[in-house]
file my_file15.cif (mmCIF, N, CA, C and O atoms)
data_my_file
loop_
_atom_site.label_atom_id
_atom_site.label_comp_id
_atom_site.auth_asym_id
_atom_site.auth_seq_id
_atom_site.Cartn_x
_atom_site.Cartn_y
_atom_site.Cartn_z
N MET A 1 -23.13 32.22 23.54
CA MET A 1 -21.75 32.07 23.89
C MET A 1 -21.25 30.66 23.54
O MET A 1 -20.16 30.52 23.01
N VAL A 2 -22.04 29.66 23.83
CA VAL A 2 -21.66 28.29 23.50
C VAL A 2 -21.60 28.12 21.99
O VAL A 2 -20.73 27.43 21.47
N THR A 3 -22.49 28.76 21.26
CA THR A 3 -22.52 28.66 19.81
C THR A 3 -21.24 29.20 19.20
O THR A 3 -20.69 28.61 18.26
N ALA A 4 -20.71 30.27 19.70
CA ALA A 4 -19.46 30.84 19.18
C ALA A 4 -18.29 29.91 19.46
O ALA A 4 -17.41 29.73 18.60
N GLU A 5 -18.27 29.28 20.61
CA GLU A 5 -17.19 28.35 20.92
C GLU A 5 -17.25 27.13 20.02
O GLU A 5 -16.21 26.63 19.55
N ILE A 6 -18.44 26.64 19.74
CA ILE A 6 -18.60 25.50 18.83
C ILE A 6 -18.18 25.89 17.42
O ILE A 6 -17.52 25.13 16.73
N ALA A 7 -18.53 27.09 17.00
CA ALA A 7 -18.18 27.55 15.66
C ALA A 7 -16.66 27.66 15.50
O ALA A 7 -16.13 27.44 14.42
N VAL A 8 -15.96 27.97 16.56
CA VAL A 8 -14.50 28.06 16.50
C VAL A 8 -13.87 26.67 16.57
O VAL A 8 -12.90 26.37 15.87
N ALA A 9 -14.43 25.78 17.37
CA ALA A 9 -13.84 24.46 17.58
C ALA A 9 -14.18 23.48 16.46
O ALA A 9 -13.41 22.55 16.20
N LEU A 10 -15.30 23.65 15.78
CA LEU A 10 -15.74 22.69 14.78
C LEU A 10 -14.76 22.52 13.61
O LEU A 10 -14.45 21.39 13.24
N PRO A 11 -14.22 23.59 13.03
CA PRO A 11 -13.24 23.38 11.95
C PRO A 11 -11.99 22.62 12.41
O PRO A 11 -11.47 21.77 11.68
N ALA A 12 -11.52 22.91 13.61
CA ALA A 12 -10.35 22.20 14.13
C ALA A 12 -10.68 20.73 14.34
O ALA A 12 -9.88 19.85 14.03
N LEU A 13 -11.87 20.45 14.84
CA LEU A 13 -12.30 19.06 15.04
C LEU A 13 -12.40 18.33 13.71
O LEU A 13 -11.97 17.18 13.59
N LEU A 14 -12.93 18.98 12.70
CA LEU A 14 -13.03 18.36 11.37
C LEU A 14 -11.65 18.10 10.78
O LEU A 14 -11.43 17.06 10.14
N LEU A 15 -10.72 19.01 10.97
CA LEU A 15 -9.36 18.80 10.47
C LEU A 15 -8.70 17.62 11.16
O LEU A 15 -8.06 16.78 10.50
N VAL A 16 -8.86 17.51 12.46
CA VAL A 16 -8.29 16.38 13.19
C VAL A 16 -8.94 15.07 12.75
O VAL A 16 -8.25 14.07 12.54
N LEU A 17 -10.25 15.07 12.56
CA LEU A 17 -10.96 13.87 12.14
C LEU A 17 -10.53 13.43 10.74
O LEU A 17 -10.24 12.25 10.52
N THR A 18 -10.45 14.36 9.79
CA THR A 18 -10.04 13.98 8.44
C THR A 18 -8.57 13.55 8.40
O THR A 18 -8.21 12.65 7.65
N SER A 19 -7.74 14.15 9.22
CA SER A 19 -6.33 13.73 9.31
C SER A 19 -6.23 12.31 9.85
O SER A 19 -5.45 11.49 9.35
N ALA A 20 -7.02 12.02 10.87
CA ALA A 20 -7.00 10.67 11.45
C ALA A 20 -7.51 9.64 10.45
O ALA A 20 -6.95 8.55 10.32
N LEU A 21 -8.56 9.97 9.70
CA LEU A 21 -9.08 9.04 8.70
C LEU A 21 -8.08 8.84 7.56
O LEU A 21 -7.94 7.73 7.04
N SER A 22 -7.38 9.89 7.17
CA SER A 22 -6.36 9.76 6.13
C SER A 22 -5.19 8.90 6.62
O SER A 22 -4.65 8.09 5.86
N ALA A 23 -4.80 9.07 7.86
CA ALA A 23 -3.73 8.25 8.41
C ALA A 23 -4.16 6.79 8.48
O ALA A 23 -3.37 5.88 8.17
N LEU A 24 -5.39 6.54 8.84
CA LEU A 24 -5.92 5.18 8.87
C LEU A 24 -5.94 4.57 7.47
O LEU A 24 -5.59 3.41 7.27
N SER A 25 -6.30 5.38 6.49
CA SER A 25 -6.29 4.92 5.10
C SER A 25 -4.87 4.58 4.65
O SER A 25 -4.64 3.60 3.93
N MET A 26 -3.91 5.39 5.08
CA MET A 26 -2.51 5.14 4.70
C MET A 26 -2.01 3.85 5.34
O MET A 26 -1.30 3.07 4.69
N VAL A 27 -2.38 3.59 6.57
CA VAL A 27 -1.98 2.34 7.23
C VAL A 27 -2.63 1.15 6.52
O VAL A 27 -1.98 0.12 6.30
N SER A 28 -3.88 1.29 6.14
CA SER A 28 -4.55 0.23 5.40
C SER A 28 -3.87 -0.05 4.06
O SER A 28 -3.68 -1.20 3.68
N ASP A 29 -3.47 1.02 3.36
CA ASP A 29 -2.75 0.85 2.09
C ASP A 29 -1.39 0.18 2.32
O ASP A 29 -0.95 -0.62 1.49
N GLU A 30 -0.74 0.49 3.42
CA GLU A 30 0.54 -0.13 3.75
C GLU A 30 0.37 -1.65 3.92
O GLU A 30 1.14 -2.44 3.38
N VAL A 31 -0.66 -2.04 4.63
CA VAL A 31 -0.93 -3.47 4.85
C VAL A 31 -1.25 -4.15 3.53
O VAL A 31 -0.77 -5.26 3.25
N ARG A 32 -2.04 -3.48 2.67
CA ARG A 32 -2.37 -4.06 1.37
C ARG A 32 -1.13 -4.20 0.49
O ARG A 32 -0.98 -5.18 -0.24
N CYS A 33 -0.20 -3.23 0.56
CA CYS A 33 1.04 -3.32 -0.22
C CYS A 33 1.89 -4.49 0.25
O CYS A 33 2.45 -5.24 -0.56
N VAL A 34 2.01 -4.67 1.56
CA VAL A 34 2.80 -5.77 2.11
C VAL A 34 2.18 -7.10 1.71
O VAL A 34 2.89 -8.03 1.27
N ASP A 35 0.87 -7.23 1.84
CA ASP A 35 0.20 -8.47 1.47
C ASP A 35 0.35 -8.77 -0.02
O ASP A 35 0.60 -9.90 -0.42
N ALA A 36 0.22 -7.74 -0.87
CA ALA A 36 0.34 -7.94 -2.31
C ALA A 36 1.76 -8.37 -2.67
O ALA A 36 1.96 -9.24 -3.52
N ALA A 37 2.76 -7.79 -2.03
CA ALA A 37 4.15 -8.17 -2.30
C ALA A 37 4.40 -9.62 -1.89
O ALA A 37 5.08 -10.36 -2.60
N ARG A 38 3.85 -10.03 -0.77
CA ARG A 38 4.01 -11.41 -0.32
C ARG A 38 3.36 -12.38 -1.30
O ARG A 38 3.94 -13.42 -1.63
N VAL A 39 2.16 -12.05 -1.77
CA VAL A 39 1.48 -12.91 -2.74
C VAL A 39 2.30 -13.01 -4.02
O VAL A 39 2.48 -14.10 -4.57
N GLY A 40 2.82 -11.88 -4.50
CA GLY A 40 3.62 -11.89 -5.72
C GLY A 40 4.87 -12.72 -5.59
O GLY A 40 5.21 -13.51 -6.49
N ALA A 41 5.59 -12.56 -4.49
CA ALA A 41 6.82 -13.34 -4.28
C ALA A 41 6.51 -14.83 -4.19
O ALA A 41 7.23 -15.66 -4.75
N ARG A 42 5.44 -15.17 -3.51
CA ARG A 42 5.06 -16.57 -3.37
C ARG A 42 4.72 -17.19 -4.72
O ARG A 42 5.15 -18.29 -5.05
N LEU A 43 3.93 -16.46 -5.53
CA LEU A 43 3.55 -16.98 -6.84
C LEU A 43 4.75 -17.11 -7.77
O LEU A 43 4.87 -18.10 -8.51
N LEU A 44 5.64 -16.13 -7.77
CA LEU A 44 6.84 -16.23 -8.60
C LEU A 44 7.73 -17.39 -8.15
O LEU A 44 8.33 -18.08 -8.98
N ALA A 45 7.82 -17.62 -6.84
CA ALA A 45 8.63 -18.72 -6.32
C ALA A 45 8.07 -20.07 -6.76
O ALA A 45 8.82 -21.02 -6.97
N ARG A 46 6.77 -20.14 -6.92
CA ARG A 46 6.15 -21.39 -7.38
C ARG A 46 6.33 -21.63 -8.87
O ARG A 46 6.01 -22.68 -9.37
N GLY A 47 6.74 -20.58 -9.59
CA GLY A 47 6.96 -20.74 -11.02
C GLY A 47 5.86 -20.17 -11.89
O GLY A 47 5.81 -20.44 -13.09
N GLU A 48 4.97 -19.36 -11.31
CA GLU A 48 3.91 -18.74 -12.10
C GLU A 48 4.52 -17.72 -13.07
O GLU A 48 5.57 -17.16 -12.81
N GLY A 49 3.81 -17.45 -14.15
CA GLY A 49 4.27 -16.48 -15.14
C GLY A 49 4.15 -15.06 -14.64
O GLY A 49 3.27 -14.73 -13.84
N PRO A 50 5.04 -14.17 -15.10
CA PRO A 50 5.04 -12.79 -14.62
C PRO A 50 3.75 -12.03 -14.90
O PRO A 50 3.34 -11.20 -14.10
N ASP A 51 3.10 -12.30 -16.04
CA ASP A 51 1.86 -11.58 -16.35
C ASP A 51 0.75 -11.93 -15.38
O ASP A 51 0.02 -11.06 -14.90
N GLY A 52 0.61 -13.22 -15.09
CA GLY A 52 -0.41 -13.65 -14.12
C GLY A 52 -0.12 -13.14 -12.73
O GLY A 52 -1.03 -12.77 -11.99
N VAL A 53 1.16 -13.12 -12.37
CA VAL A 53 1.55 -12.63 -11.04
C VAL A 53 1.23 -11.14 -10.94
O VAL A 53 0.67 -10.68 -9.94
N ARG A 54 1.59 -10.38 -11.98
CA ARG A 54 1.31 -8.94 -11.97
C ARG A 54 -0.18 -8.67 -11.83
O ARG A 54 -0.61 -7.77 -11.10
N LEU A 55 -1.00 -9.46 -12.50
CA LEU A 55 -2.45 -9.30 -12.42
C LEU A 55 -2.95 -9.57 -11.01
O LEU A 55 -3.75 -8.80 -10.46
N GLU A 56 -2.46 -10.65 -10.40
CA GLU A 56 -2.91 -10.98 -9.04
C GLU A 56 -2.41 -9.96 -8.03
O GLU A 56 -3.15 -9.58 -7.12
N VAL A 57 -1.19 -9.48 -8.19
CA VAL A 57 -0.66 -8.47 -7.27
C VAL A 57 -1.46 -7.18 -7.40
O VAL A 57 -1.78 -6.54 -6.40
N SER A 58 -1.82 -6.80 -8.63
CA SER A 58 -2.59 -5.57 -8.81
C SER A 58 -3.99 -5.69 -8.22
O SER A 58 -4.58 -4.70 -7.80
N ARG A 59 -4.53 -6.91 -8.16
CA ARG A 59 -5.83 -7.11 -7.49
C ARG A 59 -5.72 -6.90 -5.99
O ARG A 59 -6.64 -6.39 -5.36
N GLN A 60 -4.60 -7.33 -5.42
CA GLN A 60 -4.40 -7.24 -3.97
C GLN A 60 -3.97 -5.84 -3.52
O GLN A 60 -4.27 -5.42 -2.41
N ALA A 61 -3.26 -5.13 -4.39
CA ALA A 61 -2.67 -3.84 -4.04
C ALA A 61 -3.69 -2.72 -4.14
O ALA A 61 -4.73 -2.86 -4.78
N PRO A 62 -3.40 -1.57 -3.53
CA PRO A 62 -4.27 -0.40 -3.69
C PRO A 62 -4.31 0.05 -5.15
O PRO A 62 -3.39 -0.24 -5.93
N ASN A 63 -5.37 0.74 -5.53
CA ASN A 63 -5.51 1.22 -6.91
C ASN A 63 -4.33 2.12 -7.29
O ASN A 63 -3.94 3.00 -6.52
N GLY A 64 -3.79 1.91 -8.48
CA GLY A 64 -2.70 2.74 -8.97
C GLY A 64 -1.35 2.45 -8.36
O GLY A 64 -0.43 3.25 -8.48
N ALA A 65 -1.20 1.30 -7.71
CA ALA A 65 0.07 0.97 -7.06
C ALA A 65 1.13 0.64 -8.10
O ALA A 65 0.84 0.15 -9.19
N ASP A 66 2.37 0.95 -7.76
CA ASP A 66 3.52 0.60 -8.59
C ASP A 66 4.02 -0.78 -8.17
O ASP A 66 4.23 -1.03 -6.98
N ILE A 67 4.23 -1.65 -9.15
CA ILE A 67 4.66 -3.02 -8.88
C ILE A 67 5.99 -3.25 -9.58
O ILE A 67 6.10 -3.04 -10.78
N VAL A 68 6.99 -3.69 -8.81
CA VAL A 68 8.31 -4.00 -9.36
C VAL A 68 8.64 -5.43 -8.97
O VAL A 68 8.64 -5.78 -7.79
N MET A 69 8.91 -6.26 -9.99
CA MET A 69 9.26 -7.66 -9.75
C MET A 69 10.66 -7.90 -10.31
O MET A 69 10.92 -7.61 -11.47
N ASN A 70 11.55 -8.43 -9.47
CA ASN A 70 12.92 -8.75 -9.89
C ASN A 70 13.17 -10.23 -9.64
O ASN A 70 13.01 -10.70 -8.51
N VAL A 71 13.56 -10.94 -10.69
CA VAL A 71 13.93 -12.34 -10.56
C VAL A 71 15.35 -12.48 -11.08
O VAL A 71 15.61 -12.27 -12.26
N THR A 72 16.28 -12.78 -10.19
CA THR A 72 17.67 -12.98 -10.58
C THR A 72 18.10 -14.35 -10.07
O THR A 72 18.29 -14.53 -8.87
N GLY A 73 18.23 -15.28 -10.99
CA GLY A 73 18.56 -16.65 -10.59
C GLY A 73 17.43 -17.22 -9.76
O GLY A 73 16.30 -17.32 -10.21
N GLU A 74 17.75 -17.59 -8.53
CA GLU A 74 16.73 -18.13 -7.63
C GLU A 74 16.16 -17.06 -6.70
O GLU A 74 15.18 -17.30 -6.01
N ALA A 75 16.78 -15.89 -6.67
CA ALA A 75 16.33 -14.82 -5.78
C ALA A 75 15.17 -14.05 -6.42
O ALA A 75 15.25 -13.64 -7.57
N ILE A 76 14.13 -13.87 -5.65
CA ILE A 76 12.93 -13.18 -6.12
C ILE A 76 12.64 -12.04 -5.16
O ILE A 76 12.68 -12.22 -3.94
N ARG A 77 12.34 -10.87 -5.72
CA ARG A 77 11.97 -9.71 -4.90
C ARG A 77 10.80 -9.01 -5.57
O ARG A 77 10.83 -8.74 -6.77
N VAL A 78 9.78 -8.73 -4.79
CA VAL A 78 8.61 -8.01 -5.27
C VAL A 78 8.40 -6.80 -4.38
O VAL A 78 8.38 -6.92 -3.15
N GLU A 79 8.27 -5.63 -5.00
CA GLU A 79 8.00 -4.39 -4.27
C GLU A 79 6.71 -3.78 -4.78
O GLU A 79 6.49 -3.70 -5.99
N VAL A 80 5.88 -3.35 -3.87
CA VAL A 80 4.62 -2.69 -4.21
C VAL A 80 4.57 -1.39 -3.43
O VAL A 80 4.78 -1.37 -2.22
N SER A 81 4.32 -0.29 -4.13
CA SER A 81 4.21 1.01 -3.45
C SER A 81 3.03 1.77 -4.03
O SER A 81 2.63 1.57 -5.17
N SER A 82 2.49 2.65 -3.22
CA SER A 82 1.31 3.41 -3.60
C SER A 82 1.48 4.86 -3.16
O SER A 82 2.34 5.17 -2.32
N ASP A 83 0.67 5.73 -3.70
CA ASP A 83 0.70 7.13 -3.27
C ASP A 83 -0.01 7.28 -1.93
O ASP A 83 -0.96 6.56 -1.64
N ALA A 84 0.46 8.22 -1.14
CA ALA A 84 -0.21 8.53 0.12
C ALA A 84 -1.55 9.19 -0.18
O ALA A 84 -1.74 9.76 -1.25
N PRO A 85 -2.51 9.10 0.74
CA PRO A 85 -3.78 9.80 0.53
C PRO A 85 -3.55 11.29 0.29
O PRO A 85 -2.57 11.87 0.76
N ARG A 86 -4.45 11.89 -0.45
CA ARG A 86 -4.28 13.28 -0.90
C ARG A 86 -4.09 14.25 0.26
O ARG A 86 -3.22 15.12 0.21
N LEU A 87 -4.88 14.11 1.30
CA LEU A 87 -4.75 15.03 2.44
C LEU A 87 -3.38 14.91 3.09
O LEU A 87 -2.79 15.92 3.47
N MET A 88 -2.86 13.70 3.19
CA MET A 88 -1.54 13.53 3.79
C MET A 88 -0.47 14.20 2.93
O MET A 88 0.46 14.80 3.46
N ARG A 89 -0.60 14.12 1.62
CA ARG A 89 0.35 14.81 0.73
C ARG A 89 0.24 16.31 0.90
O ARG A 89 1.24 17.02 0.90
N LEU A 90 -1.00 16.83 1.04
CA LEU A 90 -1.20 18.26 1.23
C LEU A 90 -0.60 18.75 2.54
O LEU A 90 -0.13 19.88 2.64
N LEU A 91 -0.61 17.88 3.55
CA LEU A 91 -0.03 18.23 4.85
C LEU A 91 1.48 18.07 4.87
O LEU A 91 2.12 18.37 5.87
N GLY A 92 2.06 17.58 3.76
CA GLY A 92 3.50 17.46 3.67
C GLY A 92 4.06 16.13 4.12
O GLY A 92 5.27 15.99 4.29
N VAL A 93 3.21 15.14 4.32
CA VAL A 93 3.68 13.81 4.69
C VAL A 93 4.24 13.14 3.44
O VAL A 93 3.51 12.91 2.48
N ALA A 94 5.53 12.87 3.43
CA ALA A 94 6.19 12.34 2.23
C ALA A 94 6.30 10.82 2.24
O ALA A 94 6.91 10.24 1.37
N VAL A 95 5.72 10.16 3.22
CA VAL A 95 5.81 8.71 3.33
C VAL A 95 4.83 8.07 2.35
O VAL A 95 3.66 8.47 2.27
N ARG A 96 5.33 7.09 1.59
CA ARG A 96 4.47 6.34 0.68
C ARG A 96 4.24 4.96 1.26
O ARG A 96 5.20 4.31 1.69
N PRO A 97 3.01 4.48 1.25
CA PRO A 97 2.78 3.10 1.67
C PRO A 97 3.53 2.15 0.72
O PRO A 97 3.46 2.32 -0.49
N ARG A 98 4.28 1.20 1.28
CA ARG A 98 5.02 0.27 0.43
C ARG A 98 5.23 -1.04 1.16
O ARG A 98 5.18 -1.10 2.38
N GLY A 99 5.46 -2.05 0.37
CA GLY A 99 5.75 -3.36 0.92
C GLY A 99 6.73 -4.08 0.02
O GLY A 99 6.72 -3.87 -1.20
N ALA A 100 7.57 -4.89 0.59
CA ALA A 100 8.55 -5.65 -0.19
C ALA A 100 8.61 -7.06 0.38
O ALA A 100 8.42 -7.26 1.59
N SER A 101 8.85 -8.01 -0.51
CA SER A 101 8.94 -9.39 -0.08
C SER A 101 10.00 -10.10 -0.90
O SER A 101 10.18 -9.83 -2.08
N HIS A 102 10.71 -11.02 -0.24
CA HIS A 102 11.76 -11.80 -0.88
C HIS A 102 11.36 -13.27 -0.83
O HIS A 102 10.70 -13.71 0.10
N ALA A 103 11.80 -14.01 -1.82
CA ALA A 103 11.56 -15.45 -1.83
C ALA A 103 12.67 -16.12 -2.63
O ALA A 103 13.43 -15.47 -3.34
N VAL A 104 12.75 -17.41 -2.48
CA VAL A 104 13.70 -18.22 -3.24
C VAL A 104 12.86 -19.17 -4.10
O VAL A 104 11.90 -19.77 -3.62
N ALA A 105 13.23 -19.27 -5.38
CA ALA A 105 12.46 -20.11 -6.30
C ALA A 105 12.47 -21.55 -5.82
O ALA A 105 13.49 -22.09 -5.37
N GLU A 106 11.30 -22.17 -5.90
CA GLU A 106 11.18 -23.58 -5.50
C GLU A 106 11.72 -24.48 -6.61
O GLU A 106 11.60 -24.15 -7.80
N ALA A 107 12.26 -25.59 -6.21
CA ALA A 107 12.75 -26.56 -7.19
C ALA A 107 11.56 -27.27 -7.82
O ALA A 107 10.59 -27.60 -7.14
N PRO A 108 11.59 -27.49 -9.13
CA PRO A 108 10.47 -28.19 -9.76
C PRO A 108 10.39 -29.64 -9.25
O PRO A 108 11.42 -30.24 -8.95
N PRO A 109 9.17 -30.17 -9.15
CA PRO A 109 9.02 -31.54 -8.60
C PRO A 109 9.56 -32.60 -9.53
O PRO A 109 9.73 -32.50 -10.66
#
call {"tool": "encode", "arguments": {"input": "my_file15.cif", "output": "structure tokens"}}
result
Amino acid sequence: MVTAEIAVALPALLLVLTSALSALSMVSDEVRCVDAARVGARLLARGEGPDGVRLEVSRQAPNGADIVMNVTGEAIRVEVSSDAPRLMRLLGVAVRPRGASHAVAEAPP
């Protein structure tokens, strides 16, 4: 009798566990996107070249992340976004981990 109850409960437990791990992965990707955007904005504000900044941001960001850098005058904006984990997409979660950061270009010394 206990074996039948475990057999019924085990798939539900596995689904809850994998959902929780996917959500944790998505939160981790969100933090990495925010950190990568901050690094990119900081480097661009210091006057680093866009190619070097893109390389450093891609190191900090989750694999396959989209990186958008906008520099207009002194205003700098960096956005980093990534795909949600596969299980979250299968469950219909449409939220993408993303981060954005703004900075103002520093005056040269």
call {"tool": "residues_around", "arguments": {"input": "my_file15.cif", "residues": "Glu106 (chain A)", "least_positions_apart": "4", "cutoff": "8 Å", "atoms": "all atoms listed in the file", "output": "PyMOL selection string"}}
result
chain A and resi 41-42+44-47+74
call {"tool": "write_last_selection", "arguments": {"input": "my_file15.cif", "atoms": "N, CA, C and O atoms", "output": "compact mmCIF listing (two decimals), keeping the file's coordinate frame"}}
result
# COMPACT_ATOMS: atom_id res chain seq x y z
N ALA A 41 5.59 -12.56 -4.49
CA ALA A 41 6.82 -13.34 -4.28
C ALA A 41 6.51 -14.83 -4.19
O ALA A 41 7.23 -15.66 -4.75
N ARG A 42 5.44 -15.17 -3.51
CA ARG A 42 5.06 -16.57 -3.37
C ARG A 42 4.72 -17.19 -4.72
O ARG A 42 5.15 -18.29 -5.05
N LEU A 44 5.64 -16.13 -7.77
CA LEU A 44 6.84 -16.23 -8.60
C LEU A 44 7.73 -17.39 -8.15
O LEU A 44 8.33 -18.08 -8.98
N ALA A 45 7.82 -17.62 -6.84
CA ALA A 45 8.63 -18.72 -6.32
C ALA A 45 8.07 -20.07 -6.76
O ALA A 45 8.82 -21.02 -6.97
N ARG A 46 6.77 -20.14 -6.92
CA ARG A 46 6.15 -21.39 -7.38
C ARG A 46 6.33 -21.63 -8.87
O ARG A 46 6.01 -22.68 -9.37
N GLY A 47 6.74 -20.58 -9.59
CA GLY A 47 6.96 -20.74 -11.02
C GLY A 47 5.86 -20.17 -11.89
O GLY A 47 5.81 -20.44 -13.09
N GLU A 74 17.75 -17.59 -8.53
CA GLU A 74 16.73 -18.13 -7.63
C GLU A 74 16.16 -17.06 -6.70
O GLU A 74 15.18 -17.30 -6.01
call {"tool": "resolve_selection", "arguments": {"input": "my_file15.cif", "expression": "the PyMOL selection byres ((chain A and resi 27-35) around 6)", "output": "MDAnalysis selection string"}}
result
chainID A and resid 22:26 36:40 60:62 80:81 97:100
call {"tool": "select_by_dssp", "arguments": {"input": "my_file15.cif", "residues": "chain A", "states": "helix (DSSP H, G or I)", "output": "PyMOL selection string"}}
result
chain A and resi 2-46+50-60+86-90
call {"tool": "atom_distance", "arguments": {"input": "my_file15.cif", "atom1": "CA of Gly73 (chain A)", "atom2": "CA of Arg54 (chain A)"}}
result
18.9 Å
call {"tool": "atom_distance", "arguments": {"input": "my_file15.cif", "atom1": "CA of Val95 (chain A)", "atom2": "CA of Asp83 (chain A)"}}
result
8.5 Å
call {"tool": "atom_distance", "arguments": {"input": "my_file15.cif", "atom1": "atom C of Leu91 (chain A)", "atom2": "atom C of Leu10 (chain A)"}}
result
19.0 Å
call {"tool": "select_by_dssp", "arguments": {"input": "my_file15.cif", "residues": "chain A", "states": "strand (DSSP E or B)", "output": "PyMOL selection string"}}
result
chain A and resi 66-72+75-81+98-104
call {"tool": "closest_residue", "arguments": {"input": "my_file15.cif", "among": "A:Leu87, A:Glu5, A:Thr18, A:Thr72", "to": "His102 (chain A)", "atoms": "only C-alpha atoms"}}
result
A:Thr72
call {"tool": "residues_around", "arguments": {"input": "my_file15.cif", "residues": "Ala75 (chain A)", "least_positions_apart": "6", "cutoff": "8 Å", "atoms": "only C-alpha atoms", "output": "PDB file with N, CA, C and O atoms, keeping the file's coordinate frame"}}
result
ATOM      1  N   HIS A 102      10.710 -11.020  -0.240  1.00  0.00           N
ATOM      2  CA  HIS A 102      11.760 -11.800  -0.880  1.00  0.00           C
ATOM      3  C   HIS A 102      11.360 -13.270  -0.830  1.00  0.00           C
ATOM      4  O   HIS A 102      10.700 -13.710   0.100  1.00  0.00           O
ATOM      5  N   ALA A 103      11.800 -14.010  -1.820  1.00  0.00           N
ATOM      6  CA  ALA A 103      11.560 -15.450  -1.830  1.00  0.00           C
ATOM      7  C   ALA A 103      12.670 -16.120  -2.630  1.00  0.00           C
ATOM      8  O   ALA A 103      13.430 -15.470  -3.340  1.00  0.00           O
ATOM      9  N   VAL A 104      12.750 -17.410  -2.480  1.00  0.00           N
ATOM     10  CA  VAL A 104      13.700 -18.220  -3.240  1.00  0.00           C
ATOM     11  C   VAL A 104      12.860 -19.170  -4.100  1.00  0.00           C
ATOM     12  O   VAL A 104      11.900 -19.770  -3.620  1.00  0.00           O
ATOM     13  N   ALA A 105      13.230 -19.270  -5.380  1.00  0.00           N
ATOM     14  CA  ALA A 105      12.460 -20.110  -6.300  1.00  0.00           C
ATOM     15  C   ALA A 105      12.470 -21.550  -5.820  1.00  0.00           C
ATOM     16  O   ALA A 105      13.490 -22.090  -5.370  1.00  0.00           O
TER      17      ALA A 105
END
call {"tool": "build_atoms", "arguments": {"input": "my_file15.cif", "residues": "region 73-78 of chain A", "atoms": "all heavy atoms", "output": "mmCIF file, in the frame of the given file"}}
result
data_model
loop_
_atom_site.group_PDB
_atom_site.id
_atom_site.type_symbol
_atom_site.label_atom_id
_atom_site.label_comp_id
_atom_site.auth_asym_id
_atom_site.auth_seq_id
_atom_site.Cartn_x
_atom_site.Cartn_y
_atom_site.Cartn_z
ATOM 1 N N GLY A 73 18.230 -15.280 -10.990
ATOM 2 C CA GLY A 73 18.560 -16.650 -10.590
ATOM 3 C C GLY A 73 17.430 -17.220 -9.760
ATOM 4 O O GLY A 73 16.300 -17.320 -10.210
ATOM 5 N N GLU A 74 17.750 -17.590 -8.530
ATOM 6 C CA GLU A 74 16.730 -18.130 -7.630
ATOM 7 C C GLU A 74 16.160 -17.060 -6.700
ATOM 8 O O GLU A 74 15.180 -17.300 -6.010
ATOM 9 C CB GLU A 74 17.311 -19.273 -6.806
ATOM 10 C CG GLU A 74 17.622 -20.506 -7.616
ATOM 11 C CD GLU A 74 18.067 -21.653 -6.743
ATOM 12 O OE1 GLU A 74 18.176 -21.476 -5.515
ATOM 13 O OE2 GLU A 74 18.308 -22.733 -7.290
ATOM 14 N N ALA A 75 16.780 -15.890 -6.670
ATOM 15 C CA ALA A 75 16.330 -14.820 -5.780
ATOM 16 C C ALA A 75 15.170 -14.050 -6.420
ATOM 17 O O ALA A 75 15.250 -13.640 -7.570
ATOM 18 C CB ALA A 75 17.477 -13.873 -5.465
ATOM 19 N N ILE A 76 14.130 -13.870 -5.650
ATOM 20 C CA ILE A 76 12.930 -13.180 -6.120
ATOM 21 C C ILE A 76 12.640 -12.040 -5.160
ATOM 22 O O ILE A 76 12.680 -12.220 -3.940
ATOM 23 C CB ILE A 76 11.741 -14.150 -6.182
ATOM 24 C CG1 ILE A 76 12.020 -15.244 -7.197
ATOM 25 C CG2 ILE A 76 10.453 -13.413 -6.489
ATOM 26 C CD1 ILE A 76 11.073 -16.401 -7.131
ATOM 27 N N ARG A 77 12.340 -10.870 -5.720
ATOM 28 C CA ARG A 77 11.970 -9.710 -4.900
ATOM 29 C C ARG A 77 10.800 -9.010 -5.570
ATOM 30 O O ARG A 77 10.830 -8.740 -6.770
ATOM 31 C CB ARG A 77 13.147 -8.745 -4.775
ATOM 32 C CG ARG A 77 12.811 -7.502 -3.970
ATOM 33 C CD ARG A 77 14.044 -6.633 -3.765
ATOM 34 N NE ARG A 77 13.712 -5.353 -3.200
ATOM 35 C CZ ARG A 77 13.553 -5.100 -1.907
ATOM 36 N NH1 ARG A 77 13.686 -6.071 -1.044
ATOM 37 N NH2 ARG A 77 13.266 -3.881 -1.486
ATOM 38 N N VAL A 78 9.780 -8.730 -4.790
ATOM 39 C CA VAL A 78 8.610 -8.010 -5.270
ATOM 40 C C VAL A 78 8.400 -6.800 -4.380
ATOM 41 O O VAL A 78 8.380 -6.920 -3.150
ATOM 42 C CB VAL A 78 7.345 -8.897 -5.271
ATOM 43 C CG1 VAL A 78 6.133 -8.122 -5.721
ATOM 44 C CG2 VAL A 78 7.560 -10.126 -6.146
#
